[in-house]
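target02.cif (mmCIF, C-alpha atoms) appears below.
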data_query
#
loop_
_atom_site.label_atom_id
_atom_site.label_comp_id
_atom_site.auth_asym_id
_atom_site.auth_seq_id
_atom_site.Cartn_x
_atom_site.Cartn_y
_atom_site.Cartn_z
CA MET C 19 -6.38 -24.88 -26.32
CA SER C 20 -5.77 -22.41 -23.51
CA ALA C 21 -4.87 -18.80 -24.24
CA PHE C 22 -1.21 -17.78 -24.27
CA ASP C 23 -0.01 -16.64 -20.84
CA PRO C 24 2.58 -13.90 -21.55
CA ILE C 25 3.28 -12.88 -17.96
CA GLY C 26 3.46 -16.41 -16.63
CA THR C 27 5.75 -17.52 -19.48
CA ALA C 28 8.08 -14.55 -18.95
CA LEU C 29 8.22 -15.13 -15.19
CA LEU C 30 9.08 -18.80 -15.69
CA ASP C 31 11.81 -17.82 -18.15
CA TYR C 32 13.25 -15.31 -15.70
CA LEU C 33 13.25 -17.87 -12.91
CA ALA C 34 15.09 -20.26 -15.27
CA GLY C 35 17.87 -17.70 -15.71
CA HIS C 36 16.73 -15.59 -18.67
CA THR C 37 17.18 -12.33 -16.78
CA ALA C 38 16.51 -10.12 -19.82
CA ALA C 39 12.97 -11.49 -20.26
CA ALA C 40 10.53 -8.61 -20.84
CA ILE C 41 6.86 -8.40 -21.72
CA THR C 42 5.54 -5.79 -24.16
CA VAL C 43 2.44 -3.99 -22.86
CA HIS C 44 -0.10 -2.74 -25.42
CA SER C 45 -3.00 -0.49 -24.40
CA ASN C 46 -5.65 1.71 -25.95
CA VAL C 47 -4.42 4.81 -24.09
CA ALA C 48 -0.63 4.79 -24.43
CA ASP C 49 2.27 3.68 -26.61
CA ASP C 50 3.68 0.18 -26.25
CA GLU C 51 5.93 -0.21 -23.20
CA PRO C 52 8.35 -2.92 -22.05
CA LEU C 53 7.74 -4.56 -18.67
CA PRO C 54 10.86 -6.40 -17.46
CA ALA C 55 10.08 -9.70 -15.77
CA ARG C 56 12.61 -8.86 -13.05
CA TYR C 57 10.20 -6.19 -11.73
CA PHE C 58 7.98 -8.97 -10.39
CA PHE C 59 10.89 -10.38 -8.39
CA ARG C 60 11.88 -7.21 -6.55
CA SER C 61 12.95 -7.24 -2.93
CA LEU C 62 11.31 -5.21 -0.18
CA TRP C 63 13.69 -2.28 -0.65
CA GLU C 64 13.16 -2.27 -4.40
CA MET C 65 9.42 -1.82 -3.91
CA PRO C 66 7.75 1.60 -4.16
CA GLU C 67 7.04 3.24 -0.83
CA LEU C 68 3.29 2.75 -1.26
CA GLU C 69 3.80 -1.01 -1.42
CA ARG C 70 6.07 -1.05 1.64
CA THR C 71 3.47 0.99 3.52
CA ALA C 72 0.74 -1.46 2.50
CA LEU C 73 2.77 -4.41 3.77
CA ASP C 74 3.23 -2.63 7.11
CA GLU C 75 -0.55 -2.11 7.31
CA CYS C 76 -1.44 -5.80 6.78
CA ARG C 77 -3.00 -7.68 9.66
CA GLY C 78 -4.30 -11.14 10.38
CA ARG C 79 -4.80 -13.67 7.60
CA VAL C 80 -3.92 -12.18 4.20
CA LEU C 81 -5.23 -12.91 0.70
CA ASP C 82 -2.76 -11.54 -1.87
CA LEU C 83 -4.66 -10.94 -5.12
CA GLY C 84 -2.82 -10.70 -8.44
CA ALA C 85 0.24 -11.97 -6.61
CA GLY C 86 2.51 -12.31 -9.68
CA ALA C 87 5.84 -13.86 -8.70
CA GLY C 88 4.96 -13.67 -5.01
CA ALA C 89 7.16 -10.74 -3.94
CA HIS C 90 4.62 -9.43 -1.42
CA SER C 91 3.52 -12.87 -0.20
CA LEU C 92 7.10 -13.96 0.45
CA GLU C 93 7.81 -10.79 2.43
CA LEU C 94 4.68 -11.30 4.52
CA GLN C 95 5.57 -14.96 5.11
CA MET C 96 8.95 -13.82 6.42
CA ARG C 97 7.09 -11.57 8.87
CA GLY C 98 5.06 -14.52 10.15
CA PHE C 99 1.78 -13.89 8.36
CA ALA C 100 -0.50 -16.64 7.05
CA VAL C 101 -0.83 -15.69 3.36
CA ARG C 102 -2.75 -17.16 0.46
CA ALA C 103 -1.45 -15.95 -2.91
CA VAL C 104 -3.80 -15.93 -5.91
CA ASP C 105 -3.16 -15.18 -9.58
CA VAL C 106 -5.09 -15.91 -12.76
CA SER C 107 -1.82 -16.80 -14.53
CA SER C 108 -0.97 -20.50 -14.23
CA GLY C 109 2.66 -19.66 -15.00
CA ALA C 110 2.80 -17.16 -12.16
CA VAL C 111 1.33 -19.75 -9.81
CA ARG C 112 4.08 -22.23 -10.79
CA VAL C 113 6.71 -19.54 -10.17
CA MET C 114 5.33 -18.79 -6.70
CA GLN C 115 5.29 -22.48 -5.82
CA GLN C 116 8.92 -22.83 -6.91
CA ARG C 117 9.89 -19.73 -4.92
CA GLY C 118 8.42 -21.07 -1.69
CA VAL C 119 5.05 -19.36 -1.35
CA ARG C 120 3.28 -21.86 0.88
CA GLU C 121 -0.34 -21.39 -0.13
CA VAL C 122 -0.99 -20.63 -3.81
CA ALA C 123 -4.07 -20.86 -6.03
CA CYS C 124 -4.94 -20.09 -9.66
CA HIS C 125 -8.23 -18.18 -9.66
CA ASP C 126 -10.11 -15.31 -11.21
CA ILE C 127 -10.84 -12.80 -8.44
CA PHE C 128 -14.59 -13.04 -9.06
CA GLU C 129 -14.57 -16.79 -8.36
CA LEU C 130 -12.89 -16.60 -4.95
CA LYS C 131 -14.45 -18.19 -1.89
CA THR C 132 -13.35 -18.62 1.69
CA ASP C 133 -11.75 -21.95 2.55
CA ALA C 134 -11.73 -24.19 5.62
CA ASP C 135 -9.69 -21.61 7.55
CA GLY C 136 -12.49 -19.08 7.27
CA PRO C 137 -12.53 -15.45 6.14
CA TYR C 138 -9.56 -13.14 5.69
CA ASP C 139 -8.53 -10.10 7.68
CA THR C 140 -6.73 -8.38 4.78
CA LEU C 141 -7.21 -8.49 1.02
CA LEU C 142 -4.05 -7.13 -0.60
CA MET C 143 -4.18 -5.63 -4.12
CA LEU C 144 -0.89 -3.99 -5.09
CA MET C 145 0.79 -2.84 -8.35
CA ASN C 146 -2.31 -0.79 -9.22
CA GLY C 147 -4.04 -3.90 -7.98
CA LEU C 148 -7.54 -2.48 -7.78
CA GLY C 149 -7.36 -2.59 -11.57
CA LEU C 150 -7.92 -6.36 -11.43
CA VAL C 151 -11.67 -5.65 -11.28
CA GLY C 152 -11.48 -4.48 -14.92
CA THR C 153 -14.39 -2.03 -15.09
CA LEU C 154 -16.65 0.06 -12.89
CA ASP C 155 -19.21 -2.75 -13.02
CA GLY C 156 -16.44 -5.11 -11.98
CA LEU C 157 -15.55 -2.84 -9.05
CA GLU C 158 -19.13 -2.94 -7.80
CA LYS C 159 -19.25 -6.73 -8.21
CA PHE C 160 -15.91 -7.28 -6.49
CA LEU C 161 -16.73 -5.09 -3.49
CA GLN C 162 -19.86 -7.16 -2.91
CA ARG C 163 -17.91 -10.42 -3.26
CA ALA C 164 -15.26 -9.15 -0.85
CA HIS C 165 -17.89 -8.96 1.90
CA GLU C 166 -18.00 -12.77 1.76
CA LEU C 167 -14.21 -13.06 1.89
CA LEU C 168 -13.55 -10.63 4.75
CA ALA C 169 -14.03 -11.12 8.45
CA PRO C 170 -16.10 -8.40 10.17
CA GLY C 171 -13.87 -5.35 10.37
CA GLY C 172 -11.55 -6.82 7.74
CA GLN C 173 -9.78 -4.56 5.27
CA ILE C 174 -8.93 -4.24 1.60
CA LEU C 175 -5.55 -2.57 1.03
CA ALA C 176 -5.33 -1.53 -2.60
CA THR C 177 -3.41 0.80 -4.87
CA SER C 178 -4.93 2.64 -7.81
CA SER C 179 -4.11 5.61 -10.01
CA ASP C 180 -5.93 8.61 -11.43
CA ILE C 181 -4.98 8.69 -15.14
CA SER C 182 -6.93 11.82 -16.03
CA TYR C 183 -3.59 13.49 -16.82
CA LEU C 184 -3.52 11.46 -20.04
CA TYR C 185 -6.45 13.54 -21.26
CA GLU C 186 -5.10 17.00 -20.48
CA ASP C 187 -4.60 19.44 -23.36
CA GLU C 188 -1.63 21.78 -23.67
CA GLU C 189 -3.25 24.27 -21.28
CA GLY C 190 -3.85 21.57 -18.66
CA ALA C 191 -7.63 21.38 -19.19
CA LEU C 192 -9.25 17.93 -19.25
CA ASN C 193 -10.59 16.79 -22.59
CA LEU C 194 -12.92 13.94 -21.64
CA ASN C 195 -15.87 12.40 -23.47
CA LEU C 196 -18.48 12.64 -20.72
CA ASN C 197 -20.89 10.52 -22.79
CA GLY C 198 -18.37 7.71 -23.30
CA PRO C 199 -17.01 5.05 -20.96
CA TYR C 200 -15.22 6.08 -17.76
CA TYR C 201 -11.74 7.28 -18.73
CA GLY C 202 -10.10 4.92 -16.26
CA GLU C 203 -11.39 1.79 -18.02
CA VAL C 204 -8.40 0.66 -20.10
CA GLU C 205 -7.93 -2.32 -22.42
CA TYR C 206 -4.60 -4.16 -22.39
CA ARG C 207 -2.84 -6.91 -24.27
CA MET C 208 0.52 -8.43 -23.35
CA SER C 209 3.07 -9.85 -25.79
CA TYR C 210 6.06 -12.10 -25.19
CA ARG C 211 8.15 -14.26 -27.50
CA GLU C 212 6.27 -12.83 -30.49
CA GLN C 213 2.97 -14.15 -29.14
CA THR C 214 0.14 -12.00 -27.80
CA GLY C 215 -2.24 -12.91 -25.03
CA PRO C 216 -5.95 -12.14 -24.89
CA ALA C 217 -7.28 -8.62 -24.32
CA PHE C 218 -8.35 -7.77 -20.79
CA GLY C 219 -9.79 -4.77 -19.00
CA TRP C 220 -7.98 -2.86 -16.26
CA LEU C 221 -9.52 -0.16 -14.09
CA PHE C 222 -7.65 2.95 -12.99
CA ALA C 223 -10.15 4.27 -10.47
CA ASP C 224 -9.69 7.84 -9.23
CA PRO C 225 -10.13 8.57 -5.49
CA THR C 226 -13.68 9.94 -5.87
CA ILE C 227 -14.81 6.82 -7.73
CA VAL C 228 -13.21 4.57 -5.13
CA GLN C 229 -14.84 6.44 -2.26
CA ASP C 230 -18.30 6.54 -3.85
CA TYR C 231 -18.36 2.87 -4.82
CA ALA C 232 -16.84 1.64 -1.57
CA GLU C 233 -19.15 3.61 0.69
CA ALA C 234 -22.17 2.45 -1.32
CA ALA C 235 -20.98 -1.15 -0.87
CA GLY C 236 -20.67 -0.83 2.93
CA TYR C 237 -17.03 0.07 3.53
CA ASP C 238 -15.34 2.83 5.48
CA VAL C 239 -12.71 4.54 3.32
CA GLU C 240 -9.29 5.84 4.35
CA PHE C 241 -6.72 7.17 1.91
CA VAL C 242 -3.48 6.07 3.54
CA ALA C 243 -0.80 7.50 1.23
CA GLU C 244 -0.11 8.80 -2.26
CA ASP C 245 2.92 9.37 -4.47
CA GLU C 246 4.02 11.82 -7.14
CA GLN C 247 2.68 9.64 -9.98
CA ASP C 248 -0.99 10.10 -8.99
CA GLN C 249 -1.01 6.64 -7.44
CA PHE C 250 -2.59 6.15 -4.02
CA LEU C 251 -3.04 3.51 -1.33
CA VAL C 252 -6.54 3.13 0.08
CA ARG C 253 -7.90 1.11 3.00
CA LEU C 254 -11.49 -0.11 2.67
CA THR C 255 -12.76 -1.49 5.98
CA ARG C 256 -15.77 -3.77 6.00
CA ARG C 257 -18.42 -2.44 8.34
CA ALA C 258 -19.41 -5.03 10.91
#
In structure tokens, write the structure found in this file.
Amino acid sequence: MSAFDPIGTALLDYLAGHTAAAITVHSNVADDEPLPARYFFRSLWEMPELERTALDECRGRVLDLGAGAGAHSLELQMRGFAVRAVDVSSGAVRVMQQRGVREVACHDIFELKTDADGPYDTLLMLMNGLGLVGTLDGLEKFLQRAHELLAPGGQILATSSDISYLYEDEEGALNLNLNGPYYGEVEYRMSYREQTGPAFGWLFADPTIVQDYAEAAGYDVEFVAEDEQDQFLVRLTRRA
């Protein structure tokens, strides 16, 4: 029996007309929070500025990772891009197919390979999308795998966040366990319809971590933009 797919189930419900559908997000670093399914269906002008900037920076053939309900893929299709949308949620994949995303696949990001059309020019990872790698070890593994997916000079456009603010005391000093795991490695569970999906890791990599790991893996690093919530957009360009 396959594991319950909270996000995919909620997205399918929303698409079927249940506009109040909302997932409950549980984590080991914050209180439970609702995540309305409608957020995955937002239009271009409902997207945060970092996401709109990332879409403007796309080039060539695009692989949209963690594509959700296909908001970014559909926008890029409208602009004439060839886009392949990938999500680990089978429900999300069904939603994207029903919404008109032309090329959709259900994959874990660590299992991705190039197809008959060859490598990609842009890997897109939005909505704190770099977190899909799960852990620092996962980041290292993914950056190596991305070499095989990208054309020479190809780019990864990804958003991430520095969540060190969660560990500040009342005076603003950081209270981190330097002997423990990296503070940006978070564990999540998602609930919907009184069912809870499996636990999964999500990485909130700060800019220094991103730069160090990316340069070690053979990428040039450019921080393109940032917002007031400590979230940033980074471009990692594969060295030829």
Could you tell me, as a PDB file with C-alpha atoms, in the coordinates of the input, exactly which residues end up selected when the PyMOL selection byres ((chain C and resi 146-153) around 10) is applied to this structure?
ATOM      1  CA  GLU C  69       3.800  -1.010  -1.420  1.00  0.00           C
ATOM      2  CA  ASP C  82      -2.760 -11.540  -1.870  1.00  0.00           C
ATOM      3  CA  LEU C  83      -4.660 -10.940  -5.120  1.00  0.00           C
ATOM      4  CA  GLY C  84      -2.820 -10.700  -8.440  1.00  0.00           C
ATOM      5  CA  ALA C  85       0.240 -11.970  -6.610  1.00  0.00           C
ATOM      6  CA  ASP C 126     -10.110 -15.310 -11.210  1.00  0.00           C
ATOM      7  CA  ILE C 127     -10.840 -12.800  -8.440  1.00  0.00           C
ATOM      8  CA  PHE C 128     -14.590 -13.040  -9.060  1.00  0.00           C
ATOM      9  CA  LEU C 142      -4.050  -7.130  -0.600  1.00  0.00           C
ATOM     10  CA  MET C 143      -4.180  -5.630  -4.120  1.00  0.00           C
ATOM     11  CA  LEU C 144      -0.890  -3.990  -5.090  1.00  0.00           C
ATOM     12  CA  MET C 145       0.790  -2.840  -8.350  1.00  0.00           C
ATOM     13  CA  LEU C 154     -16.650   0.060 -12.890  1.00  0.00           C
ATOM     14  CA  ASP C 155     -19.210  -2.750 -13.020  1.00  0.00           C
ATOM     15  CA  GLY C 156     -16.440  -5.110 -11.980  1.00  0.00           C
ATOM     16  CA  LEU C 157     -15.550  -2.840  -9.050  1.00  0.00           C
ATOM     17  CA  GLU C 158     -19.130  -2.940  -7.800  1.00  0.00           C
ATOM     18  CA  LYS C 159     -19.250  -6.730  -8.210  1.00  0.00           C
ATOM     19  CA  PHE C 160     -15.910  -7.280  -6.490  1.00  0.00           C
ATOM     20  CA  LEU C 161     -16.730  -5.090  -3.490  1.00  0.00           C
ATOM     21  CA  ILE C 174      -8.930  -4.240   1.600  1.00  0.00           C
ATOM     22  CA  LEU C 175      -5.550  -2.570   1.030  1.00  0.00           C
ATOM     23  CA  ALA C 176      -5.330  -1.530  -2.600  1.00  0.00           C
ATOM     24  CA  THR C 177      -3.410   0.800  -4.870  1.00  0.00           C
ATOM     25  CA  SER C 178      -4.930   2.640  -7.810  1.00  0.00           C
ATOM     26  CA  SER C 179      -4.110   5.610 -10.010  1.00  0.00           C
ATOM     27  CA  PRO C 199     -17.010   5.050 -20.960  1.00  0.00           C
ATOM     28  CA  TYR C 200     -15.220   6.080 -17.760  1.00  0.00           C
ATOM     29  CA  GLY C 202     -10.100   4.920 -16.260  1.00  0.00           C
ATOM     30  CA  GLU C 203     -11.390   1.790 -18.020  1.00  0.00           C
ATOM     31  CA  VAL C 204      -8.400   0.660 -20.100  1.00  0.00           C
ATOM     32  CA  GLU C 205      -7.930  -2.320 -22.420  1.00  0.00           C
ATOM     33  CA  PHE C 218      -8.350  -7.770 -20.790  1.00  0.00           C
ATOM     34  CA  GLY C 219      -9.790  -4.770 -19.000  1.00  0.00           C
ATOM     35  CA  TRP C 220      -7.980  -2.860 -16.260  1.00  0.00           C
ATOM     36  CA  LEU C 221      -9.520  -0.160 -14.090  1.00  0.00           C
ATOM     37  CA  PHE C 222      -7.650   2.950 -12.990  1.00  0.00           C
ATOM     38  CA  ALA C 223     -10.150   4.270 -10.470  1.00  0.00           C
ATOM     39  CA  VAL C 228     -13.210   4.570  -5.130  1.00  0.00           C
ATOM     40  CA  GLN C 249      -1.010   6.640  -7.440  1.00  0.00           C
ATOM     41  CA  PHE C 250      -2.590   6.150  -4.020  1.00  0.00           C
ATOM     42  CA  LEU C 251      -3.040   3.510  -1.330  1.00  0.00           C
ATOM     43  CA  VAL C 252      -6.540   3.130   0.080  1.00  0.00           C
TER      44      VAL C 252
END
Q) What gap, in Å, lies between CA of Met208 (chain C) and CA of Val106 (chain C)? A) 14.1 Å
Q) What does the PyMOL selection byres ((chain C and resi 27) around 12) select in this file, as an MDAnalysis selection string? A) chainID C and resid 21:26 28:34 36 39:41 55 86:87 107:113 208:215
Q. Could you pull the residues within 12 Å of Glu246 (chain C), counting all atoms listed in the file, minus those fewer than 5 positions along the same chain, as number ranges by chain?
A. C: 66-68, 179-180
**Q.** Non-local contacts of Glu121 (chain C) (10 Å; only C-alpha atoms; under 5 positions in same chain excluded) as number ranges by chain
**A.** C: 81, 91, 100-104, 111, 114-115
Q.
I'd like to see the residues matched by the PyMOL selection byres ((chain C and resi 254-258) around 8) on this file, and ideally I'd get them as number ranges by chain.
A. C: 165, 168-175, 232, 236-240, 252-253
Q: Grab the CA of Arg77 (chain C) to CA of Asp139 (chain C) distance for me, in Å with one decimal place.
A: 6.4 Å
Q: Tell me, in Å to one decimal, how far CA of Phe99 (chain C) is from CA of Glu75 (chain C).
A: 12.1 Å
